[in-house]
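Raw protein37.csv, CSV, C-alpha atoms:
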```
chain,number,residue,atom,x,y,z
A,1,MET,CA,-14.0,37.5,-16.6
A,2,SER,CA,-11.8,37.3,-13.5
A,3,PRO,CA,-8.0,37.6,-14.0
A,4,VAL,CA,-6.0,34.4,-13.6
A,5,TYR,CA,-2.8,34.6,-11.5
A,6,ILE,CA,-0.2,31.8,-11.7
A,7,ALA,CA,2.7,30.9,-9.4
A,8,ARG,CA,5.4,28.3,-9.5
A,9,VAL,CA,5.1,25.6,-6.8
A,10,LYS,CA,8.2,25.4,-4.7
A,11,GLU,CA,8.2,21.5,-4.6
A,12,VAL,CA,9.3,21.2,-8.2
A,13,ALA,CA,12.8,20.9,-9.6
A,14,ALA,CA,13.4,22.8,-12.8
A,15,ARG,CA,16.5,23.1,-15.1
A,16,SER,CA,17.2,24.2,-18.6
A,17,ILE,CA,18.8,21.3,-20.3
A,18,GLY,CA,20.0,21.5,-23.9
A,19,GLY,CA,17.7,24.5,-24.5
A,20,GLU,CA,14.6,22.8,-23.1
A,21,MET,CA,13.1,23.7,-19.7
A,22,MET,CA,12.7,20.4,-17.9
A,23,ILE,CA,10.5,20.3,-14.8
A,24,MET,CA,10.0,17.5,-12.4
A,25,SER,CA,7.1,17.2,-10.1
A,26,ALA,CA,8.2,16.0,-6.6
A,27,ARG,CA,4.7,14.9,-6.0
A,28,ASP,CA,4.5,12.1,-8.7
A,29,SER,CA,8.1,12.3,-10.2
A,30,MET,CA,6.5,13.3,-13.5
A,31,LEU,CA,8.8,15.0,-16.0
A,32,PHE,CA,7.6,17.9,-18.1
A,33,SER,CA,9.4,19.5,-21.0
A,34,LEU,CA,8.3,23.1,-21.9
A,35,ASN,CA,8.7,24.7,-25.3
A,36,GLU,CA,9.9,28.3,-25.7
A,37,THR,CA,6.5,30.0,-25.1
A,38,ALA,CA,5.6,27.7,-22.2
A,39,THR,CA,9.0,28.4,-20.7
A,40,ALA,CA,8.4,32.2,-21.0
A,41,ILE,CA,5.1,31.8,-19.1
A,42,TRP,CA,6.6,29.5,-16.5
A,43,GLN,CA,9.4,32.0,-15.8
A,44,ALA,CA,7.0,34.9,-15.5
A,45,ALA,CA,4.7,33.0,-13.1
A,46,ASP,CA,5.3,35.3,-10.1
A,47,GLY,CA,1.8,35.1,-8.5
A,48,VAL,CA,1.1,38.8,-8.9
A,49,THR,CA,1.1,39.4,-12.7
A,50,PRO,CA,-2.2,38.3,-14.4
A,51,LEU,CA,-1.8,35.6,-17.0
A,52,ALA,CA,-3.3,37.8,-19.7
A,53,GLU,CA,-0.5,40.4,-19.0
A,54,ILE,CA,2.2,37.7,-19.0
A,55,VAL,CA,0.9,36.5,-22.4
A,56,ARG,CA,0.8,40.1,-23.8
A,57,ARG,CA,4.3,40.9,-22.6
A,58,ARG,CA,6.2,37.6,-22.8
A,59,VAL,CA,4.4,35.8,-25.6
A,60,CYS,CA,2.7,38.2,-28.0
A,61,ALA,CA,5.6,40.7,-27.9
A,62,GLN,CA,8.2,38.0,-28.7
A,63,PHE,CA,6.5,35.5,-30.9
A,64,GLU,CA,4.3,36.1,-33.9
A,65,VAL,CA,1.0,34.9,-32.5
A,66,ASP,CA,-2.6,36.0,-32.4
A,67,PRO,CA,-3.3,37.4,-28.9
A,68,ALA,CA,-6.6,35.5,-28.4
A,69,THR,CA,-5.1,32.2,-29.5
A,70,ALA,CA,-2.1,32.8,-27.4
A,71,LEU,CA,-4.2,33.4,-24.3
A,72,ARG,CA,-6.4,30.4,-24.9
A,73,ASP,CA,-3.3,28.2,-25.4
A,74,ALA,CA,-1.7,29.7,-22.2
A,75,GLU,CA,-4.9,28.9,-20.2
A,76,GLU,CA,-4.8,25.3,-21.4
A,77,LEU,CA,-1.1,25.1,-20.5
A,78,VAL,CA,-1.4,26.5,-17.0
A,79,GLU,CA,-4.5,24.4,-16.2
A,80,GLY,CA,-2.6,21.3,-17.3
A,81,LEU,CA,0.4,22.2,-15.2
A,82,ALA,CA,-1.8,23.0,-12.2
A,83,LYS,CA,-3.5,19.6,-12.5
A,84,HIS,CA,0.0,18.0,-12.0
A,85,GLY,CA,0.8,20.2,-9.1
A,86,VAL,CA,3.6,22.2,-10.6
A,87,LEU,CA,1.8,25.5,-10.9
A,88,LYS,CA,-0.7,27.3,-8.6
A,89,LEU,CA,-3.7,29.1,-10.2
A,90,SER,CA,-5.9,31.6,-8.5
A,91,ASN,CA,-8.3,34.4,-9.3
A,92,LEU,CA,-6.5,36.5,-6.7
A,93,PRO,CA,-2.8,37.4,-6.5
A,94,ILE,CA,-0.9,34.5,-4.9
A,95,GLU,CA,1.0,35.5,-1.7
A,96,GLU,CA,4.4,33.9,-1.4
A,97,THR,CA,4.4,31.4,1.5
A,98,PRO,CA,7.5,31.4,3.7
B,1,MET,CA,18.8,-22.1,28.4
B,2,GLY,CA,21.1,-20.4,25.8
B,3,CYS,CA,21.3,-16.8,24.8
B,4,ALA,CA,22.4,-15.9,21.3
B,5,ILE,CA,25.2,-13.4,21.2
B,6,ALA,CA,25.0,-10.7,18.5
B,7,GLN,CA,27.7,-10.6,16.0
B,8,ASP,CA,28.4,-8.2,13.3
B,9,VAL,CA,29.9,-7.7,9.8
B,10,VAL,CA,30.8,-4.5,8.0
B,11,ILE,CA,29.7,-4.4,4.3
B,12,GLU,CA,31.2,-1.6,2.3
B,13,ILE,CA,29.6,-0.7,-1.0
B,14,GLY,CA,30.4,2.6,-2.8
B,15,ALA,CA,32.8,3.7,0.0
B,16,MET,CA,29.8,3.6,2.4
B,17,PRO,CA,30.5,1.0,5.1
B,18,MET,CA,27.4,-0.3,6.9
B,19,LEU,CA,27.5,-2.5,9.9
B,20,VAL,CA,25.0,-5.3,10.2
B,21,ARG,CA,24.5,-6.8,13.6
B,22,THR,CA,22.5,-10.0,14.1
B,23,SER,CA,22.2,-12.8,16.7
B,24,SER,CA,21.6,-15.4,13.9
B,25,PRO,CA,24.9,-17.2,13.0
B,26,GLU,CA,23.1,-18.6,10.0
B,27,PHE,CA,22.2,-15.2,8.7
B,28,LEU,CA,25.8,-13.9,9.4
B,29,HIS,CA,27.1,-16.8,7.3
B,30,ILE,CA,24.7,-15.8,4.5
B,31,LEU,CA,25.9,-12.2,4.7
B,32,ARG,CA,29.6,-13.2,4.5
B,33,GLU,CA,28.9,-15.5,1.5
B,34,ARG,CA,26.7,-13.0,-0.3
B,35,TYR,CA,28.8,-9.9,0.2
B,36,GLY,CA,32.2,-11.6,0.3
B,37,GLY,CA,34.3,-9.1,-1.7
B,38,PHE,CA,32.6,-6.2,0.0
B,39,VAL,CA,33.2,-7.2,3.7
B,40,ASN,CA,35.6,-4.8,5.3
B,41,SER,CA,35.9,-5.2,9.0
B,42,ALA,CA,38.5,-2.4,9.2
B,43,ALA,CA,36.1,0.2,7.9
B,44,GLN,CA,34.3,2.7,10.2
B,45,PRO,CA,30.6,2.2,9.5
B,46,VAL,CA,28.5,5.2,8.5
B,47,PHE,CA,25.3,3.3,9.3
B,48,GLU,CA,24.4,0.5,11.6
B,49,PHE,CA,21.6,-2.1,11.2
B,50,GLU,CA,20.2,-4.4,13.8
B,51,VAL,CA,18.7,-7.3,11.9
B,52,GLU,CA,16.1,-9.5,13.7
B,53,ILE,CA,15.4,-12.7,12.0
B,54,VAL,CA,11.8,-13.7,12.2
B,55,ARG,CA,9.8,-16.6,10.7
B,56,PRO,CA,8.3,-15.9,7.3
B,57,GLY,CA,4.9,-14.5,7.8
B,58,SER,CA,5.8,-12.9,11.2
B,59,ILE,CA,7.1,-9.6,9.9
B,60,PRO,CA,5.6,-6.8,12.0
B,61,ASP,CA,3.0,-4.8,10.1
B,62,ALA,CA,3.9,-6.7,6.9
B,63,ILE,CA,2.2,-5.8,3.7
B,64,GLY,CA,1.0,-8.4,1.2
B,65,ASP,CA,2.9,-9.2,-1.9
B,66,ASP,CA,6.7,-9.4,-2.1
B,67,GLU,CA,6.7,-6.9,-5.0
B,68,ASP,CA,4.8,-4.2,-3.1
B,69,LEU,CA,7.3,-1.9,-1.6
B,70,SER,CA,6.4,1.1,0.5
B,71,VAL,CA,8.9,3.7,1.5
B,72,ARG,CA,7.7,6.6,3.7
B,73,PHE,CA,9.2,9.2,6.0
B,74,GLU,CA,7.4,9.6,9.3
B,75,ALA,CA,8.4,11.0,12.7
B,76,GLY,CA,12.0,11.4,11.6
B,77,ARG,CA,12.4,7.9,10.4
B,78,TRP,CA,12.3,6.1,7.0
B,79,VAL,CA,9.9,3.1,7.1
B,80,LEU,CA,10.5,0.5,4.4
B,81,GLN,CA,8.0,-2.3,4.0
B,82,ARG,CA,7.7,-5.2,1.7
B,83,GLY,CA,6.1,-8.6,2.1
B,84,ASP,CA,9.4,-10.1,3.2
B,85,PHE,CA,10.9,-7.4,5.4
B,86,ARG,CA,10.2,-4.2,7.4
B,87,ALA,CA,12.9,-1.7,8.1
B,88,GLU,CA,13.0,1.5,10.2
B,89,LEU,CA,15.9,3.8,9.6
B,90,ASP,CA,16.8,6.8,11.6
B,91,PRO,CA,19.0,9.0,9.3
B,92,ALA,CA,20.0,11.3,12.2
B,93,LEU,CA,21.2,8.5,14.4
B,94,ARG,CA,22.5,6.6,11.4
B,95,HIS,CA,20.9,3.5,12.8
B,96,GLY,CA,18.2,1.1,11.5
B,97,ARG,CA,16.3,-2.0,12.5
B,98,ILE,CA,15.3,-4.7,10.0
B,99,TRP,CA,12.9,-7.5,10.6
B,100,GLN,CA,13.2,-10.2,8.0
B,101,SER,CA,13.5,-13.9,7.3
B,102,ALA,CA,17.0,-15.4,7.0
B,103,THR,CA,17.4,-14.8,3.2
B,104,PRO,CA,19.8,-12.5,1.4
B,105,TYR,CA,16.9,-11.0,-0.7
B,106,ALA,CA,15.4,-8.8,2.0
B,107,ILE,CA,18.8,-7.3,3.2
B,108,ASP,CA,19.8,-6.8,-0.5
B,109,ALA,CA,16.6,-4.8,-1.1
B,110,ALA,CA,17.1,-2.8,2.1
B,111,PHE,CA,20.7,-2.0,1.1
B,112,ARG,CA,19.6,-0.7,-2.3
B,113,ILE,CA,17.0,1.5,-0.8
B,114,VAL,CA,19.3,2.9,2.0
B,115,HIS,CA,22.1,3.5,-0.4
B,116,SER,CA,19.8,5.3,-2.8
B,117,LEU,CA,18.4,7.5,0.1
B,118,LEU,CA,21.9,8.4,1.4
B,119,LEU,CA,23.4,8.9,-2.0
B,120,ALA,CA,20.5,11.3,-3.0
B,121,THR,CA,21.8,13.9,-0.5
B,122,GLN,CA,25.3,13.6,-1.8
B,123,GLY,CA,24.8,14.0,-5.5
B,124,GLY,CA,25.2,10.2,-6.1
B,125,LEU,CA,22.9,7.8,-7.9
B,126,LEU,CA,22.1,4.1,-8.2
B,127,VAL,CA,21.3,3.4,-11.8
B,128,HIS,CA,19.8,0.4,-13.6
B,129,ALA,CA,23.0,-0.1,-15.6
B,130,ALA,CA,25.9,-2.5,-16.1
B,131,SER,CA,29.3,-1.0,-15.6
B,132,VAL,CA,32.7,-2.0,-16.5
B,133,VAL,CA,36.2,-0.7,-16.0
B,134,ARG,CA,38.6,-0.7,-19.0
B,135,ASN,CA,42.0,0.9,-19.2
B,136,GLY,CA,41.3,2.6,-15.8
B,137,ARG,CA,38.1,4.2,-16.9
B,138,ALA,CA,34.5,3.2,-16.1
B,139,PHE,CA,31.7,2.9,-18.7
B,140,LEU,CA,28.1,2.6,-17.8
B,141,PHE,CA,25.5,0.7,-20.0
B,142,ALA,CA,22.1,1.8,-18.9
B,143,GLY,CA,18.7,0.4,-19.8
B,144,VAL,CA,15.5,-1.0,-18.5
B,145,SER,CA,15.0,-4.7,-18.1
B,146,GLY,CA,15.7,-6.5,-21.3
B,147,ALA,CA,17.9,-3.7,-22.8
B,148,GLY,CA,21.0,-5.9,-22.8
B,149,LYS,CA,22.8,-5.0,-19.6
B,150,THR,CA,23.7,-8.7,-18.9
B,151,THR,CA,24.4,-9.4,-22.5
B,152,ILE,CA,26.9,-6.5,-22.9
B,153,SER,CA,28.6,-7.7,-19.6
B,154,ARG,CA,28.9,-11.3,-20.9
B,155,LEU,CA,30.5,-10.0,-24.0
B,156,ALA,CA,33.1,-7.9,-22.2
B,157,PRO,CA,36.7,-8.8,-23.1
B,158,PRO,CA,39.2,-10.3,-20.6
B,159,ASP,CA,40.9,-7.0,-19.9
B,160,ALA,CA,37.6,-5.5,-18.6
B,161,THR,CA,36.6,-5.6,-15.0
B,162,LEU,CA,32.9,-6.0,-14.3
B,163,LEU,CA,31.5,-3.6,-11.6
B,164,THR,CA,28.0,-4.9,-12.0
B,165,ASP,CA,25.6,-6.3,-14.6
B,166,GLU,CA,22.5,-4.8,-12.9
B,167,ILE,CA,22.9,-1.8,-10.5
B,168,SER,CA,25.6,0.8,-11.0
B,169,TYR,CA,26.8,2.9,-8.2
B,170,LEU,CA,27.8,6.5,-8.9
B,171,ARG,CA,29.3,9.1,-6.6
B,172,ARG,CA,30.0,12.7,-7.5
B,173,GLU,CA,33.5,13.8,-6.7
B,174,ALA,CA,35.3,17.2,-7.2
B,175,ASP,CA,36.4,16.4,-10.7
B,176,GLY,CA,33.6,14.3,-12.0
B,177,TYR,CA,31.8,11.0,-11.3
B,178,VAL,CA,33.2,7.8,-10.0
B,179,ALA,CA,31.7,4.3,-10.6
B,180,TYR,CA,32.0,1.7,-7.8
B,181,GLY,CA,31.6,-2.0,-8.0
B,182,THR,CA,28.4,-3.5,-6.4
B,183,PRO,CA,27.3,-6.9,-5.2
B,184,PHE,CA,23.9,-6.3,-6.8
B,185,ALA,CA,23.9,-8.8,-9.6
B,186,GLY,CA,21.4,-9.4,-12.4
B,187,GLU,CA,21.0,-12.4,-14.7
B,188,LEU,CA,24.8,-13.0,-14.6
B,189,ALA,CA,24.3,-13.9,-10.9
B,190,GLN,CA,27.9,-12.7,-10.2
B,191,PRO,CA,28.8,-9.8,-7.9
B,192,GLY,CA,30.9,-7.1,-9.3
B,193,GLU,CA,34.5,-6.4,-8.4
B,194,ASN,CA,34.9,-4.1,-5.4
B,195,VAL,CA,36.9,-1.5,-7.3
B,196,ARG,CA,36.3,2.1,-8.4
B,197,ALA,CA,37.2,4.2,-11.5
B,198,PRO,CA,36.4,7.6,-12.9
B,199,LEU,CA,33.3,7.5,-15.2
B,200,ALA,CA,34.3,8.1,-18.8
B,201,ALA,CA,30.9,7.7,-20.6
B,202,LEU,CA,27.4,6.5,-20.2
B,203,TYR,CA,25.8,4.5,-23.0
B,204,LEU,CA,22.1,4.1,-23.4
B,205,LEU,CA,21.6,0.5,-24.7
B,206,ALA,CA,19.7,-0.3,-27.8
B,207,GLN,CA,19.8,-3.7,-29.6
B,208,GLY,CA,20.0,-3.5,-33.4
B,209,THR,CA,21.5,-5.0,-36.5
B,210,GLU,CA,24.9,-3.3,-36.3
B,211,ASN,CA,27.3,-2.0,-33.7
B,212,ARG,CA,27.4,1.8,-33.6
B,213,ILE,CA,27.6,4.7,-31.2
B,214,GLY,CA,25.3,7.7,-31.8
B,215,PRO,CA,24.6,11.1,-30.3
B,216,VAL,CA,21.9,11.8,-27.7
B,217,ALA,CA,20.5,15.2,-27.1
B,218,GLU,CA,20.9,16.4,-23.5
B,219,ALA,CA,17.2,16.6,-22.8
B,220,ASP,CA,16.7,13.1,-24.2
B,221,ALA,CA,19.6,11.9,-22.1
B,222,LEU,CA,18.0,13.4,-19.0
B,223,ARG,CA,14.6,11.7,-19.8
B,224,GLU,CA,16.2,8.3,-20.4
B,225,VAL,CA,18.7,8.3,-17.5
B,226,LEU,CA,15.9,9.4,-15.1
B,227,ARG,CA,13.9,6.3,-16.2
B,228,CYS,CA,16.9,4.1,-15.2
B,229,VAL,CA,17.5,5.7,-11.8
B,230,LEU,CA,16.6,3.7,-8.7
B,231,PHE,CA,14.6,5.9,-6.4
B,232,PHE,CA,11.9,4.8,-4.1
B,233,ALA,CA,10.9,7.8,-1.9
B,234,HIS,CA,8.2,10.3,-2.7
B,235,ASP,CA,9.9,13.0,-0.7
B,236,SER,CA,10.0,16.4,-2.5
B,237,GLU,CA,13.4,17.4,-1.2
B,238,LEU,CA,15.0,14.1,-2.2
B,239,VAL,CA,13.2,14.0,-5.6
B,240,GLY,CA,14.7,17.4,-6.2
B,241,HIS,CA,18.2,16.2,-5.3
B,242,VAL,CA,17.9,13.2,-7.6
B,243,PHE,CA,16.7,15.4,-10.5
B,244,ASP,CA,19.6,17.8,-10.0
B,245,SER,CA,22.0,14.9,-9.8
B,246,VAL,CA,20.8,13.5,-13.1
B,247,CYS,CA,21.0,16.9,-14.7
B,248,ASN,CA,24.6,17.3,-13.5
B,249,LEU,CA,25.4,13.8,-14.7
B,250,VAL,CA,24.2,14.3,-18.3
B,251,GLN,CA,25.9,17.7,-18.5
B,252,ARG,CA,29.2,16.5,-17.2
B,253,VAL,CA,29.5,13.0,-18.6
B,254,PRO,CA,29.2,12.1,-22.3
B,255,VAL,CA,25.9,10.2,-22.9
B,256,ARG,CA,25.7,8.3,-26.1
B,257,ARG,CA,23.4,5.7,-27.6
B,258,LEU,CA,25.1,2.3,-28.1
B,259,THR,CA,23.3,0.1,-30.6
B,260,PHE,CA,24.7,-3.4,-30.7
B,261,VAL,CA,24.2,-6.9,-31.9
B,262,PRO,CA,25.0,-9.7,-29.4
B,263,ASP,CA,28.6,-9.9,-30.6
B,264,SER,CA,31.8,-9.2,-28.8
B,265,ARG,CA,33.0,-6.9,-31.5
B,266,VAL,CA,30.9,-4.2,-29.9
B,267,TRP,CA,33.7,-3.8,-27.4
B,268,GLU,CA,36.0,-2.5,-30.1
B,269,LEU,CA,33.9,0.7,-29.8
B,270,ILE,CA,34.4,0.9,-26.0
B,271,VAL,CA,37.8,2.3,-25.4
```

Represent the supplied structure as structure tokens.
Amino acid sequence: MSPVYIARVKEVAARSIGGEMMIMSARDSMLFSLNETATAIWQAADGVTPLAEIVRRRVCAQFEVDPATALRDAEELVEGLAKHGVLKLSNLPIEETP
Amino acid sequence: MGCAIAQDVVIEIGAMPMLVRTSSPEFLHILRERYGGFVNSAAQPVFEFEVEIVRPGSIPDAIGDDEDLSVRFEAGRWVLQRGDFRAELDPALRHGRIWQSATPYAIDAAFRIVHSLLLATQGGLLVHAASVVRNGRAFLFAGVSGAGKTTISRLAPPDATLLTDEISYLRREADGYVAYGTPFAGELAQPGENVRAPLAALYLLAQGTENRIGPVAEADALREVLRCVLFFAHDSELVGHVFDSVCNLVQRVPVRRLTFVPDSRVWELIV
């Protein structure tokens, strides 16, 4: 299976408010609230670290969770965020655009 | 054959004076009546509008329904279109043209949009909220239509000064937020007083069986205030500014839930 790379889209506004990561899509003004594990994945979305590696390092290492379940949940999360245009997904590393 | 001479009036809302120039004496009269307390001929305008009065149905490139509003940025200009007006605004030149019929509704909508666009880059906001000054401090009562903005305004005691029962105007200043009076009225059909005061608290309105003030988590405050913010443009930079402004607001100003019965005793809680 090809690795999945994820990168934050620049056209979103994100702030940690009251312990929750709040993200607003500039495209449709939709507001997302991320829980702790989703926030860890969002913050690690650098475009060059595979999602499986992010889950291993940032989720499994910090939260008591089954690795296969964690990866499946993470894939669902990133696909959902990508549909709303707040995250980019690719099977290749994502180059940063100027 | 006569030639109409353009005349102008400066309307200052939220410390943002805007000059409106028109060759229609009838429309000028409407403006002076509608914005009476906000006319300030001595102010230096930060934006100028040329308003061309056209017959209803003759708006250039008009779109159908009055409720359909389109706001887009193209070729360095904002283009605002609704069934009853079209406006083209050049933010760099601080100049705009409006084609509309001789009613106050179109210019009122144009003002709200222009103020929201200009405020977005300055950390300010227009909010669906009533606001009132009491003891030198401003209080906002935010809520969607039907939440009780006009009701809480009607119940205000004589020592309170109404800033608006519909659209509140907030500017960010060095030491906090300041609320300004606006002429944008709701069901009260009464413009606010043209005064300003530092914002002391923002209440999210809820109607209930008793009067009480309750806490609101910061993240919930952000969600609910965002729902009440007037913003029309789908421009990623400006949307980011508005999001940041609301984040700053809920982190700097106490946000509480005000549950109230339609009874003037609720004002005993607002001090």

Taking only C-alpha atoms into account, what are the residues of chain A at most 8 Å from chain B, put as JSON, numbers by chain?
-> {"A": [11, 12, 13, 15, 17, 18, 20, 22, 24, 26, 27, 28, 29, 31]}

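Going from atom CA of Ala201 of chain B over to atom CA of Ala130 of chain B, you cover 12.2 Å.
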
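Nearest residue to Trp78 of chain B, choosing from B:Leu204, B:Ile59, B:Ala189, B:Ala110 and counting only C-alpha atoms: B:Ala110.
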
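Within the 10 Å cut-off around Ser58 of chain B, using all atoms listed in the file and omitting residues fewer than 4 positions from it on the same chain, the listed residues are B:Ile53, B:Val54, B:Ala62, B:Asp84, B:Phe85, B:Trp99, B:Gln100, B:Ser101.
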
One decimal, Å: what's the distance from atom CA of Lys10 of chain A over to atom CA of Leu89 of chain B, could you say?
-> 27.0 Å

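The environment of segment 46-49 of chain A within 12 Å, counting all atoms listed in the file and disregarding residues fewer than 4 places along the same chain, consists of Pro3, Val4, Tyr5, Ile6, Ala7, Arg8, Val9, Lys10, Ala40, Ile41, Trp42, Glu53, Ile54, Val55, Arg56, Arg57, Arg58, Leu87, Lys88, Leu89, Ser90, Asn91, Leu92, Pro93, Ile94, Glu95, Glu96 and Thr97 of chain A.
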
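Among B:Met16, B:Leu80, B:Leu155, B:Ala92, the residue with the shortest atom-to-atom distance to Phe38 of chain B, counting only C-alpha atoms, is B:Met16.
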
Do you have the atom CA of Arg97 of chain B-atom CA of Glu50 of chain B distance handy?
-> 4.8 Å

Write out as a PyMOL selection string each polymer residue whose atoms come within 12 Å of Leu269 of chain B, counting all atoms listed in the file; drop sequence neighbours fewer than 3 positions from it.
-> chain B and resi 134+139+156-157+201+203+210-214+256-260+263-266

Fewer than 2 positions away in the same chain doesn't count, so skip those; otherwise give me all residues within 12 Å of Val114 of chain B, counting only C-alpha atoms, as a PyMOL selection string.
-> chain B and resi 13+16-18+46-49+71+77-80+87-91+94-98+107-112+116-121+125-126+230-233

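Distances here use all atoms listed in the file; by that measure, the residue among A:Gln43, A:Ser2, A:Thr37, A:Ser25 closest to Val65 of chain A is A:Thr37.
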
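Taking only C-alpha atoms into account, the protein, DNA and RNA residues within 8 Å of (28.6, 8.6, -3.2) read B:Gly14, B:Ala15, B:Met16, B:Leu119, B:Gln122, B:Gly123, B:Gly124, B:Leu125, B:Tyr169, B:Leu170, B:Arg171, B:Arg172, B:Glu173.
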
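When all atoms listed in the file are used to measure the gap to Thr69 of chain A, the shortest distance among A:His84, A:Asn35, A:Ala52, A:Ala45 belongs to A:Ala52.
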